[in-house]
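To be precise, the following lines are my_file_17.pdb, and they hold PDB, C-alpha atoms.
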```pdb
ATOM      1  CA  MET W 102     -51.537 -74.380  53.668  1.00  0.00           C
ATOM      2  CA  GLY W 103     -50.184 -70.843  54.160  1.00  0.00           C
ATOM      3  CA  LYS W 104     -50.401 -67.941  51.756  1.00  0.00           C
ATOM      4  CA  LYS W 105     -47.856 -67.996  48.912  1.00  0.00           C
ATOM      5  CA  ALA W 106     -46.663 -65.093  46.750  1.00  0.00           C
ATOM      6  CA  LEU W 107     -44.730 -64.834  43.491  1.00  0.00           C
ATOM      7  CA  MET W 108     -42.857 -61.546  43.160  1.00  0.00           C
ATOM      8  CA  VAL W 109     -41.527 -60.818  39.654  1.00  0.00           C
ATOM      9  CA  VAL W 110     -38.846 -58.125  39.660  1.00  0.00           C
ATOM     10  CA  SER W 111     -37.445 -56.269  36.671  1.00  0.00           C
ATOM     11  CA  PHE W 112     -35.429 -53.100  36.242  1.00  0.00           C
ATOM     12  CA  GLY W 113     -38.576 -51.583  34.769  1.00  0.00           C
ATOM     13  CA  THR W 114     -39.454 -49.253  31.922  1.00  0.00           C
ATOM     14  CA  SER W 115     -41.280 -45.940  31.749  1.00  0.00           C
ATOM     15  CA  VAL W 116     -42.287 -46.545  28.113  1.00  0.00           C
ATOM     16  CA  PRO W 117     -45.870 -47.886  28.239  1.00  0.00           C
ATOM     17  CA  GLU W 118     -45.661 -49.631  24.855  1.00  0.00           C
ATOM     18  CA  ALA W 119     -42.487 -51.448  25.913  1.00  0.00           C
ATOM     19  CA  ARG W 120     -43.994 -52.881  29.092  1.00  0.00           C
ATOM     20  CA  GLY W 121     -45.728 -55.632  27.142  1.00  0.00           C
ATOM     21  CA  ALA W 122     -42.409 -57.487  27.036  1.00  0.00           C
ATOM     22  CA  ILE W 123     -42.332 -57.590  30.836  1.00  0.00           C
ATOM     23  CA  GLU W 124     -45.985 -58.578  31.007  1.00  0.00           C
ATOM     24  CA  HIS W 125     -45.405 -61.445  28.572  1.00  0.00           C
ATOM     25  CA  ILE W 126     -42.781 -62.957  30.890  1.00  0.00           C
ATOM     26  CA  GLU W 127     -44.921 -62.258  33.955  1.00  0.00           C
ATOM     27  CA  LYS W 128     -47.837 -64.199  32.458  1.00  0.00           C
ATOM     28  CA  THR W 129     -45.558 -67.142  31.702  1.00  0.00           C
ATOM     29  CA  LEU W 130     -44.205 -67.151  35.253  1.00  0.00           C
ATOM     30  CA  ALA W 131     -47.636 -66.752  36.844  1.00  0.00           C
ATOM     31  CA  ALA W 132     -48.916 -69.715  34.833  1.00  0.00           C
ATOM     32  CA  ALA W 133     -45.948 -71.795  35.967  1.00  0.00           C
ATOM     33  CA  ARG W 134     -46.765 -71.022  39.615  1.00  0.00           C
ATOM     34  CA  SER W 135     -50.563 -70.929  39.493  1.00  0.00           C
ATOM     35  CA  GLY W 136     -50.899 -71.581  43.212  1.00  0.00           C
ATOM     36  CA  TYR W 137     -49.128 -68.328  44.063  1.00  0.00           C
ATOM     37  CA  ASP W 138     -50.539 -64.789  44.202  1.00  0.00           C
ATOM     38  CA  PHE W 139     -48.733 -62.611  41.655  1.00  0.00           C
ATOM     39  CA  TYR W 140     -46.978 -59.309  42.444  1.00  0.00           C
ATOM     40  CA  ARG W 141     -44.753 -56.968  40.404  1.00  0.00           C
ATOM     41  CA  ALA W 142     -41.784 -54.876  41.538  1.00  0.00           C
ATOM     42  CA  PHE W 143     -39.179 -52.685  39.781  1.00  0.00           C
ATOM     43  CA  THR W 144     -35.629 -52.125  41.019  1.00  0.00           C
ATOM     44  CA  SER W 145     -35.182 -48.718  39.336  1.00  0.00           C
ATOM     45  CA  GLY W 146     -36.225 -45.867  41.623  1.00  0.00           C
ATOM     46  CA  ILE W 147     -36.051 -43.367  38.760  1.00  0.00           C
ATOM     47  CA  ILE W 148     -38.471 -45.391  36.667  1.00  0.00           C
ATOM     48  CA  ARG W 149     -40.853 -45.977  39.575  1.00  0.00           C
ATOM     49  CA  LYS W 150     -41.003 -42.233  40.271  1.00  0.00           C
ATOM     50  CA  LYS W 151     -41.500 -41.384  36.594  1.00  0.00           C
ATOM     51  CA  ILE W 152     -44.362 -43.858  36.248  1.00  0.00           C
ATOM     52  CA  ALA W 153     -46.008 -42.508  39.406  1.00  0.00           C
ATOM     53  CA  LEU W 154     -45.766 -38.905  38.154  1.00  0.00           C
ATOM     54  CA  GLU W 155     -46.658 -39.440  34.502  1.00  0.00           C
ATOM     55  CA  GLN W 156     -48.975 -42.459  34.623  1.00  0.00           C
ATOM     56  CA  GLY W 157     -50.361 -42.333  38.164  1.00  0.00           C
ATOM     57  CA  GLU W 158     -49.375 -45.923  38.913  1.00  0.00           C
ATOM     58  CA  GLU W 159     -47.425 -47.080  41.940  1.00  0.00           C
ATOM     59  CA  ILE W 160     -44.999 -49.936  41.429  1.00  0.00           C
ATOM     60  CA  MET W 161     -43.226 -51.022  44.577  1.00  0.00           C
ATOM     61  CA  GLU W 162     -39.558 -51.533  45.315  1.00  0.00           C
ATOM     62  CA  PRO W 163     -38.807 -55.209  46.144  1.00  0.00           C
ATOM     63  CA  GLY W 164     -37.984 -54.663  49.822  1.00  0.00           C
ATOM     64  CA  ARG W 165     -41.069 -52.595  50.471  1.00  0.00           C
ATOM     65  CA  LEU W 166     -43.234 -55.156  48.716  1.00  0.00           C
ATOM     66  CA  ALA W 167     -41.689 -57.976  50.755  1.00  0.00           C
ATOM     67  CA  GLN W 168     -42.521 -56.101  53.943  1.00  0.00           C
ATOM     68  CA  LYS W 169     -46.111 -55.590  52.772  1.00  0.00           C
ATOM     69  CA  LEU W 170     -46.504 -59.281  51.961  1.00  0.00           C
ATOM     70  CA  ALA W 171     -45.069 -60.312  55.316  1.00  0.00           C
ATOM     71  CA  ASP W 172     -47.449 -57.935  57.102  1.00  0.00           C
ATOM     72  CA  GLU W 173     -50.346 -59.499  55.183  1.00  0.00           C
ATOM     73  CA  GLY W 174     -49.461 -62.946  56.473  1.00  0.00           C
ATOM     74  CA  TYR W 175     -47.743 -64.558  53.495  1.00  0.00           C
ATOM     75  CA  GLU W 176     -45.592 -67.469  54.615  1.00  0.00           C
ATOM     76  CA  GLU W 177     -43.853 -68.253  51.343  1.00  0.00           C
ATOM     77  CA  LEU W 178     -42.298 -65.781  48.907  1.00  0.00           C
ATOM     78  CA  ILE W 179     -40.530 -66.765  45.726  1.00  0.00           C
ATOM     79  CA  CYS W 180     -39.020 -63.966  43.706  1.00  0.00           C
ATOM     80  CA  GLN W 181     -37.979 -64.197  40.069  1.00  0.00           C
ATOM     81  CA  SER W 182     -35.483 -61.709  38.698  1.00  0.00           C
ATOM     82  CA  LEU W 183     -36.068 -60.455  35.156  1.00  0.00           C
ATOM     83  CA  HIS W 184     -32.558 -59.028  34.915  1.00  0.00           C
ATOM     84  CA  VAL W 185     -30.404 -60.203  32.009  1.00  0.00           C
ATOM     85  CA  ILE W 186     -27.119 -60.607  33.913  1.00  0.00           C
ATOM     86  CA  PRO W 187     -26.171 -61.050  37.594  1.00  0.00           C
ATOM     87  CA  GLY W 188     -24.956 -57.452  37.861  1.00  0.00           C
ATOM     88  CA  HIS W 189     -25.630 -54.447  40.078  1.00  0.00           C
ATOM     89  CA  GLU W 190     -29.432 -54.549  39.753  1.00  0.00           C
ATOM     90  CA  TYR W 191     -29.648 -58.246  40.584  1.00  0.00           C
ATOM     91  CA  GLU W 192     -27.389 -57.759  43.590  1.00  0.00           C
ATOM     92  CA  LYS W 193     -29.522 -54.787  44.671  1.00  0.00           C
ATOM     93  CA  LEU W 194     -32.575 -57.062  44.536  1.00  0.00           C
ATOM     94  CA  CYS W 195     -30.866 -59.674  46.716  1.00  0.00           C
ATOM     95  CA  ARG W 196     -29.799 -57.041  49.250  1.00  0.00           C
ATOM     96  CA  ALA W 197     -33.306 -55.578  49.366  1.00  0.00           C
ATOM     97  CA  LEU W 198     -34.909 -58.913  50.236  1.00  0.00           C
ATOM     98  CA  GLU W 199     -32.299 -60.242  52.667  1.00  0.00           C
ATOM     99  CA  PRO W 200     -33.637 -58.359  55.751  1.00  0.00           C
ATOM    100  CA  TYR W 201     -37.034 -60.052  55.306  1.00  0.00           C
ATOM    101  CA  ARG W 202     -35.920 -63.700  55.278  1.00  0.00           C
ATOM    102  CA  ALA W 203     -36.877 -64.150  58.905  1.00  0.00           C
ATOM    103  CA  ARG W 204     -40.410 -62.926  58.145  1.00  0.00           C
ATOM    104  CA  PHE W 205     -41.161 -65.867  55.838  1.00  0.00           C
ATOM    105  CA  ALA W 206     -41.033 -69.609  56.311  1.00  0.00           C
ATOM    106  CA  ARG W 207     -39.533 -69.691  52.799  1.00  0.00           C
ATOM    107  CA  LEU W 208     -37.998 -66.921  50.691  1.00  0.00           C
ATOM    108  CA  GLU W 209     -36.084 -67.749  47.521  1.00  0.00           C
ATOM    109  CA  ILE W 210     -34.790 -65.715  44.584  1.00  0.00           C
ATOM    110  CA  GLY W 211     -34.605 -67.087  41.039  1.00  0.00           C
ATOM    111  CA  LYS W 212     -31.479 -66.437  38.956  1.00  0.00           C
ATOM    112  CA  PRO W 213     -31.356 -63.858  36.135  1.00  0.00           C
ATOM    113  CA  LEU W 214     -31.540 -64.770  32.451  1.00  0.00           C
ATOM    114  CA  LEU W 215     -27.839 -65.575  31.991  1.00  0.00           C
ATOM    115  CA  TRP W 216     -26.487 -67.603  34.885  1.00  0.00           C
ATOM    116  CA  GLN W 217     -24.971 -70.870  33.633  1.00  0.00           C
ATOM    117  CA  ASN W 218     -23.597 -72.149  30.330  1.00  0.00           C
ATOM    118  CA  THR W 219     -26.845 -73.766  29.238  1.00  0.00           C
ATOM    119  CA  ASP W 220     -28.618 -70.399  29.563  1.00  0.00           C
ATOM    120  CA  TYR W 221     -26.375 -68.905  26.870  1.00  0.00           C
ATOM    121  CA  LEU W 222     -27.048 -71.820  24.553  1.00  0.00           C
ATOM    122  CA  ARG W 223     -30.806 -71.629  25.072  1.00  0.00           C
ATOM    123  CA  LEU W 224     -30.879 -67.859  24.596  1.00  0.00           C
ATOM    124  CA  THR W 225     -28.816 -67.714  21.421  1.00  0.00           C
ATOM    125  CA  ARG W 226     -30.538 -70.664  19.783  1.00  0.00           C
ATOM    126  CA  GLY W 227     -33.921 -69.212  20.657  1.00  0.00           C
ATOM    127  CA  LEU W 228     -33.007 -65.838  19.170  1.00  0.00           C
ATOM    128  CA  LEU W 229     -31.527 -67.352  16.014  1.00  0.00           C
ATOM    129  CA  ALA W 230     -34.968 -68.792  15.278  1.00  0.00           C
ATOM    130  CA  HIS W 231     -36.328 -65.221  14.987  1.00  0.00           C
ATOM    131  CA  MET W 232     -33.423 -63.631  13.130  1.00  0.00           C
ATOM    132  CA  PRO W 233     -33.223 -63.328   9.342  1.00  0.00           C
ATOM    133  CA  LYS W 234     -30.930 -65.652   7.435  1.00  0.00           C
ATOM    134  CA  LEU W 235     -27.930 -63.450   6.751  1.00  0.00           C
ATOM    135  CA  GLU W 236     -26.369 -63.063   3.323  1.00  0.00           C
ATOM    136  CA  LYS W 237     -22.578 -62.715   3.065  1.00  0.00           C
ATOM    137  CA  ASN W 238     -22.836 -58.927   3.013  1.00  0.00           C
ATOM    138  CA  GLU W 239     -25.118 -58.773   6.082  1.00  0.00           C
ATOM    139  CA  ALA W 240     -24.490 -58.704   9.821  1.00  0.00           C
ATOM    140  CA  PHE W 241     -26.692 -58.678  12.907  1.00  0.00           C
ATOM    141  CA  VAL W 242     -25.824 -56.503  15.934  1.00  0.00           C
ATOM    142  CA  TRP W 243     -27.420 -56.946  19.361  1.00  0.00           C
ATOM    143  CA  MET W 244     -27.302 -53.994  21.769  1.00  0.00           C
ATOM    144  CA  GLY W 245     -26.854 -54.906  25.419  1.00  0.00           C
ATOM    145  CA  HIS W 246     -26.939 -52.420  28.269  1.00  0.00           C
ATOM    146  CA  GLY W 247     -23.463 -53.020  29.651  1.00  0.00           C
ATOM    147  CA  THR W 248     -22.096 -52.259  33.101  1.00  0.00           C
ATOM    148  CA  ASP W 249     -18.939 -51.654  35.124  1.00  0.00           C
ATOM    149  CA  HIS W 250     -19.771 -54.834  37.063  1.00  0.00           C
ATOM    150  CA  PRO W 251     -17.651 -57.956  36.331  1.00  0.00           C
ATOM    151  CA  ALA W 252     -20.826 -59.586  34.985  1.00  0.00           C
ATOM    152  CA  ASP W 253     -20.334 -57.390  31.888  1.00  0.00           C
ATOM    153  CA  ALA W 254     -18.279 -60.315  30.549  1.00  0.00           C
ATOM    154  CA  ALA W 255     -21.601 -62.050  29.861  1.00  0.00           C
ATOM    155  CA  TYR W 256     -22.075 -60.008  26.681  1.00  0.00           C
ATOM    156  CA  ALA W 257     -18.853 -61.265  25.099  1.00  0.00           C
ATOM    157  CA  LEU W 258     -19.901 -64.800  26.019  1.00  0.00           C
ATOM    158  CA  VAL W 259     -23.264 -64.298  24.292  1.00  0.00           C
ATOM    159  CA  GLU W 260     -21.439 -63.340  21.092  1.00  0.00           C
ATOM    160  CA  ASN W 261     -19.124 -66.331  21.343  1.00  0.00           C
ATOM    161  CA  THR W 262     -22.099 -68.623  21.907  1.00  0.00           C
ATOM    162  CA  PHE W 263     -23.682 -67.289  18.720  1.00  0.00           C
ATOM    163  CA  ARG W 264     -20.379 -68.134  17.033  1.00  0.00           C
ATOM    164  CA  PHE W 265     -20.488 -71.647  18.529  1.00  0.00           C
ATOM    165  CA  SER W 266     -23.875 -72.105  16.835  1.00  0.00           C
ATOM    166  CA  GLY W 267     -22.404 -71.109  13.473  1.00  0.00           C
ATOM    167  CA  ALA W 268     -23.567 -67.475  13.427  1.00  0.00           C
ATOM    168  CA  GLU W 269     -20.307 -65.852  12.286  1.00  0.00           C
ATOM    169  CA  ARG W 270     -21.643 -62.381  11.548  1.00  0.00           C
ATOM    170  CA  VAL W 271     -23.702 -61.874  14.696  1.00  0.00           C
ATOM    171  CA  TYR W 272     -22.181 -59.359  17.110  1.00  0.00           C
ATOM    172  CA  VAL W 273     -23.005 -58.159  20.606  1.00  0.00           C
ATOM    173  CA  SER W 274     -22.145 -54.667  21.772  1.00  0.00           C
ATOM    174  CA  THR W 275     -23.167 -52.558  24.765  1.00  0.00           C
ATOM    175  CA  VAL W 276     -24.106 -48.987  25.596  1.00  0.00           C
ATOM    176  CA  GLU W 277     -22.165 -48.753  28.848  1.00  0.00           C
ATOM    177  CA  GLY W 278     -19.717 -51.674  28.879  1.00  0.00           C
ATOM    178  CA  PHE W 279     -17.562 -53.817  26.625  1.00  0.00           C
ATOM    179  CA  PRO W 280     -17.718 -54.858  23.829  1.00  0.00           C
ATOM    180  CA  ASN W 281     -18.553 -51.293  22.793  1.00  0.00           C
ATOM    181  CA  PHE W 282     -19.838 -49.893  19.519  1.00  0.00           C
ATOM    182  CA  ASP W 283     -16.317 -49.169  18.200  1.00  0.00           C
ATOM    183  CA  TYR W 284     -15.601 -52.893  18.465  1.00  0.00           C
ATOM    184  CA  VAL W 285     -18.608 -53.651  16.261  1.00  0.00           C
ATOM    185  CA  LEU W 286     -17.677 -51.002  13.711  1.00  0.00           C
ATOM    186  CA  ARG W 287     -14.209 -52.533  13.305  1.00  0.00           C
ATOM    187  CA  ARG W 288     -15.773 -55.961  12.775  1.00  0.00           C
ATOM    188  CA  LEU W 289     -18.176 -54.611  10.160  1.00  0.00           C
ATOM    189  CA  HIS W 290     -15.351 -52.870   8.285  1.00  0.00           C
ATOM    190  CA  ALA W 291     -13.205 -56.016   8.337  1.00  0.00           C
ATOM    191  CA  ARG W 292     -16.056 -58.147   6.988  1.00  0.00           C
ATOM    192  CA  GLN W 293     -16.995 -55.685   4.240  1.00  0.00           C
ATOM    193  CA  ILE W 294     -20.601 -55.651   5.418  1.00  0.00           C
ATOM    194  CA  GLU W 295     -23.220 -53.643   3.517  1.00  0.00           C
ATOM    195  CA  ARG W 296     -26.438 -54.271   5.463  1.00  0.00           C
ATOM    196  CA  VAL W 297     -26.714 -54.291   9.272  1.00  0.00           C
ATOM    197  CA  TRP W 298     -29.614 -55.528  11.379  1.00  0.00           C
ATOM    198  CA  LEU W 299     -29.979 -53.942  14.820  1.00  0.00           C
ATOM    199  CA  SER W 300     -31.921 -55.245  17.824  1.00  0.00           C
ATOM    200  CA  PRO W 301     -31.861 -54.675  21.611  1.00  0.00           C
ATOM    201  CA  LEU W 302     -30.447 -57.428  23.829  1.00  0.00           C
ATOM    202  CA  MET W 303     -32.597 -56.091  26.652  1.00  0.00           C
ATOM    203  CA  VAL W 304     -35.822 -57.326  28.208  1.00  0.00           C
ATOM    204  CA  VAL W 305     -37.708 -54.310  26.846  1.00  0.00           C
ATOM    205  CA  ALA W 306     -37.311 -52.141  23.762  1.00  0.00           C
ATOM    206  CA  GLY W 307     -37.413 -49.005  25.916  1.00  0.00           C
ATOM    207  CA  ASP W 308     -35.436 -45.760  26.045  1.00  0.00           C
ATOM    208  CA  HIS W 309     -32.100 -47.282  25.004  1.00  0.00           C
ATOM    209  CA  ALA W 310     -33.672 -49.042  22.028  1.00  0.00           C
ATOM    210  CA  ARG W 311     -35.586 -45.954  20.970  1.00  0.00           C
ATOM    211  CA  ASN W 312     -32.747 -43.460  21.411  1.00  0.00           C
ATOM    212  CA  ASP W 313     -29.279 -45.062  21.551  1.00  0.00           C
ATOM    213  CA  LEU W 314     -30.075 -47.818  19.068  1.00  0.00           C
ATOM    214  CA  ALA W 315     -32.615 -46.457  16.601  1.00  0.00           C
ATOM    215  CA  GLY W 316     -33.035 -42.777  17.454  1.00  0.00           C
ATOM    216  CA  ALA W 317     -32.981 -39.900  14.964  1.00  0.00           C
ATOM    217  CA  GLY W 318     -30.037 -38.253  16.723  1.00  0.00           C
ATOM    218  CA  GLU W 319     -26.715 -38.264  14.903  1.00  0.00           C
ATOM    219  CA  ASP W 320     -25.027 -40.357  17.599  1.00  0.00           C
ATOM    220  CA  SER W 321     -27.499 -43.264  17.597  1.00  0.00           C
ATOM    221  CA  TRP W 322     -26.122 -46.546  16.283  1.00  0.00           C
ATOM    222  CA  LYS W 323     -28.540 -46.439  13.362  1.00  0.00           C
ATOM    223  CA  SER W 324     -27.514 -42.908  12.409  1.00  0.00           C
ATOM    224  CA  VAL W 325     -23.794 -43.623  12.697  1.00  0.00           C
ATOM    225  CA  LEU W 326     -24.075 -46.719  10.540  1.00  0.00           C
ATOM    226  CA  GLU W 327     -26.171 -44.930   7.919  1.00  0.00           C
ATOM    227  CA  SER W 328     -23.664 -42.068   7.825  1.00  0.00           C
ATOM    228  CA  GLU W 329     -20.999 -44.656   6.951  1.00  0.00           C
ATOM    229  CA  GLY W 330     -23.108 -45.968   4.075  1.00  0.00           C
ATOM    230  CA  TYR W 331     -24.648 -49.069   5.655  1.00  0.00           C
ATOM    231  CA  ASP W 332     -28.199 -50.119   4.905  1.00  0.00           C
ATOM    232  CA  VAL W 333     -29.725 -50.449   8.397  1.00  0.00           C
ATOM    233  CA  GLN W 334     -32.671 -52.678   9.269  1.00  0.00           C
ATOM    234  CA  LEU W 335     -34.329 -52.818  12.692  1.00  0.00           C
ATOM    235  CA  LEU W 336     -35.777 -55.683  14.694  1.00  0.00           C
ATOM    236  CA  ASN W 337     -36.913 -53.495  17.560  1.00  0.00           C
ATOM    237  CA  LYS W 338     -38.343 -56.079  19.968  1.00  0.00           C
ATOM    238  CA  GLY W 339     -37.481 -56.584  23.606  1.00  0.00           C
ATOM    239  CA  LEU W 340     -36.209 -59.997  24.663  1.00  0.00           C
ATOM    240  CA  GLY W 341     -39.295 -60.414  26.809  1.00  0.00           C
ATOM    241  CA  GLU W 342     -41.456 -60.598  23.696  1.00  0.00           C
ATOM    242  CA  TYR W 343     -39.946 -63.944  22.696  1.00  0.00           C
ATOM    243  CA  ASP W 344     -41.532 -67.126  24.038  1.00  0.00           C
ATOM    244  CA  GLU W 345     -38.102 -68.754  24.293  1.00  0.00           C
ATOM    245  CA  VAL W 346     -36.874 -66.022  26.639  1.00  0.00           C
ATOM    246  CA  ALA W 347     -39.979 -66.216  28.815  1.00  0.00           C
ATOM    247  CA  ALA W 348     -39.501 -69.985  29.046  1.00  0.00           C
ATOM    248  CA  LEU W 349     -35.848 -69.533  30.011  1.00  0.00           C
ATOM    249  CA  PHE W 350     -36.822 -67.202  32.846  1.00  0.00           C
ATOM    250  CA  ALA W 351     -39.481 -69.705  33.909  1.00  0.00           C
ATOM    251  CA  SER W 352     -36.836 -72.432  34.119  1.00  0.00           C
ATOM    252  CA  HIS W 353     -35.087 -70.335  36.783  1.00  0.00           C
ATOM    253  CA  LEU W 354     -38.101 -70.194  39.065  1.00  0.00           C
ATOM    254  CA  PRO W 355     -37.394 -71.746  42.483  1.00  0.00           C
ATOM    255  CA  GLU W 356     -39.114 -75.117  42.770  1.00  0.00           C
TER     256      GLU W 356
END
```
Hey, can you dump this file as structure tokens for me?
Amino acid sequence: MGKKALMVVSFGTSVPEARGAIEHIEKTLAAARSGYDFYRAFTSGIIRKKIALEQGEEIMEPGRLAQKLADEGYEELICQSLHVIPGHEYEKLCRALEPYRARFARLEIGKPLLWQNTDYLRLTRGLLAHMPKLEKNEAFVWMGHGTDHPADAAYALVENTFRFSGAERVYVSTVEGFPNFDYVLRRLHARQIERVWLSPLMVVAGDHARNDLAGAGEDSWKSVLESEGYDVQLLNKGLGEYDEVAALFASHLPE
């Protein structure tokens, strides 16, 4: 039987403490494909360069890693995306690997976290198990990354799936897409909310979680909410830290 590799690809993070969320998913995936040699890749060139400069560690780009594996005689390569939505970064991953299909007897790419309707149900129900039971004056706000890609619509669907499960005061907003933070503020005002829970809807609690969500700067979501008189509580964990999320990614592994 030929050599087989599992490549796990995420956007990446330059925050060492946040990388545990990625590693948690990686361990779950590696255990699910124990007959495969494990490899890691990041799609973000900026993060790869920062890690190399500041931490002295080289993490490969997916295409370069695929070439290395082909040169080393691997015949089968399965790749699992750790991206949340099928947006620009997932498409970049697919483009990076396409030139190497002819180098492998089998090359397949697993879908990102949110791909089909059942993924939204599994994600929201898994997260509800870790969220506090909200009182009438409380709301929970998840921060997604957001994008100008059409896949940005996934964030609104996540919120509506929470609603389907009976979570009426759970909102999803994004840093760079829609729904945006103004949308959430209007919802909070309309509901006469007093306490707001904040958490990142991202694989890692990295720079966005530390700065845009919970940072000390006056424009962070936490600071803005506190300036308006809300009591703000943080659940600052990356999605990758939850077993349910790791299992959902594992269900997308190519068979």
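In this comparison, which uses all atoms listed in the file, the residue of W:Gly227, W:Gly146, W:Gly157, W:Gly113 approaching Val346 (chain W) most closely is W:Gly227.
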With all atoms listed in the file as the counted atoms, please give the residues lying no more than 6 Å from Phe112 (chain W), apart from itself and same-chain residues fewer than 4 positions off, as JSON, numbers by chain. {"W": [143, 144, 145]}
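Shortest separation to Gly164 (chain W) among W:His353, W:Arg296, W:Arg223, W:Arg204 occurs at residue W:Arg204, atoms counted being only C-alpha atoms.
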List the residues selected by the PyMOL selection byres ((chain W and resi 312-325) around 10) in the file shown, writing them as a PyMOL selection string. chain W and resi 242-244+276+282+286+297-301+306-311+326-337
Residues near region 208-216 of chain W, cut-off 10 Å, all atoms listed in the file, skip fewer than 2 positions along chain, as a ChimeraX atom specification: /W:106-111,167,176-188,191,194-195,198-199,201-206,218-224,252,255-256,258-259,304,346-347,349-356
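A straight line drawn from CA of Met303 (chain W) to CA of Asp283 (chain W) is 19.6 Å long.
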Counting all atoms listed in the file, what is within 12 Å of Glu158 (chain W), bar same-chain residues fewer than 5 positions away, as a PyMOL selection string? chain W and resi 115+117+148-153
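Pairwise distance (CA of Thr225 (chain W), CA of Leu130 (chain W)) equals 20.7 Å.
Of the listed residues W:Ile126, W:Ala197, W:Ala291, W:Ala268, the one whose atoms come nearest to Pro233 (chain W) is W:Ala268, with distances taken using only C-alpha atoms.
As for CA of Ala348 (chain W) and CA of Lys169 (chain W), they are spaced 28.5 Å apart.
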Shortest interatomic distance to Glu124 (chain W) - which of W:Glu345, W:Val305, W:Gln217, W:Asp253, counting only C-alpha atoms: W:Val305
Assuming the input is short of atoms at region 184-196 of chain W, produce N, CA and C atoms for that part as a short mmCIF file (atom, residue, chain, number, x, y, z; two decimals), in the frame of the given file.
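Written output follows (selection11.cif):
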```cif
data_model
loop_
_atom_site.label_atom_id
_atom_site.label_comp_id
_atom_site.auth_asym_id
_atom_site.auth_seq_id
_atom_site.Cartn_x
_atom_site.Cartn_y
_atom_site.Cartn_z
N HIS W 184 -33.78 -59.67 35.38
CA HIS W 184 -32.56 -59.03 34.92
C HIS W 184 -31.82 -59.96 33.96
N VAL W 185 -31.09 -59.39 33.02
CA VAL W 185 -30.40 -60.20 32.01
C VAL W 185 -29.15 -60.86 32.59
N ILE W 186 -28.37 -60.10 33.37
CA ILE W 186 -27.12 -60.61 33.91
C ILE W 186 -27.12 -60.47 35.44
N PRO W 187 -26.27 -61.19 36.14
CA PRO W 187 -26.17 -61.05 37.59
C PRO W 187 -25.28 -59.87 37.98
N GLY W 188 -25.73 -58.66 37.62
CA GLY W 188 -24.96 -57.45 37.86
C GLY W 188 -25.46 -56.65 39.04
N HIS W 189 -25.28 -55.33 38.96
CA HIS W 189 -25.63 -54.45 40.08
C HIS W 189 -27.10 -54.54 40.46
N GLU W 190 -28.00 -54.56 39.45
CA GLU W 190 -29.43 -54.55 39.75
C GLU W 190 -29.88 -55.86 40.40
N TYR W 191 -29.32 -56.97 39.96
CA TYR W 191 -29.65 -58.25 40.58
C TYR W 191 -29.14 -58.28 42.02
N GLU W 192 -27.94 -57.79 42.23
CA GLU W 192 -27.39 -57.76 43.59
C GLU W 192 -28.20 -56.83 44.48
N LYS W 193 -28.68 -55.71 43.90
CA LYS W 193 -29.52 -54.79 44.67
C LYS W 193 -30.81 -55.48 45.10
N LEU W 194 -31.38 -56.29 44.21
CA LEU W 194 -32.58 -57.06 44.54
C LEU W 194 -32.30 -58.01 45.71
N CYS W 195 -31.19 -58.72 45.65
CA CYS W 195 -30.87 -59.67 46.72
C CYS W 195 -30.67 -58.96 48.05
N ARG W 196 -30.00 -57.81 48.01
CA ARG W 196 -29.80 -57.04 49.25
C ARG W 196 -31.12 -56.53 49.80
#
```
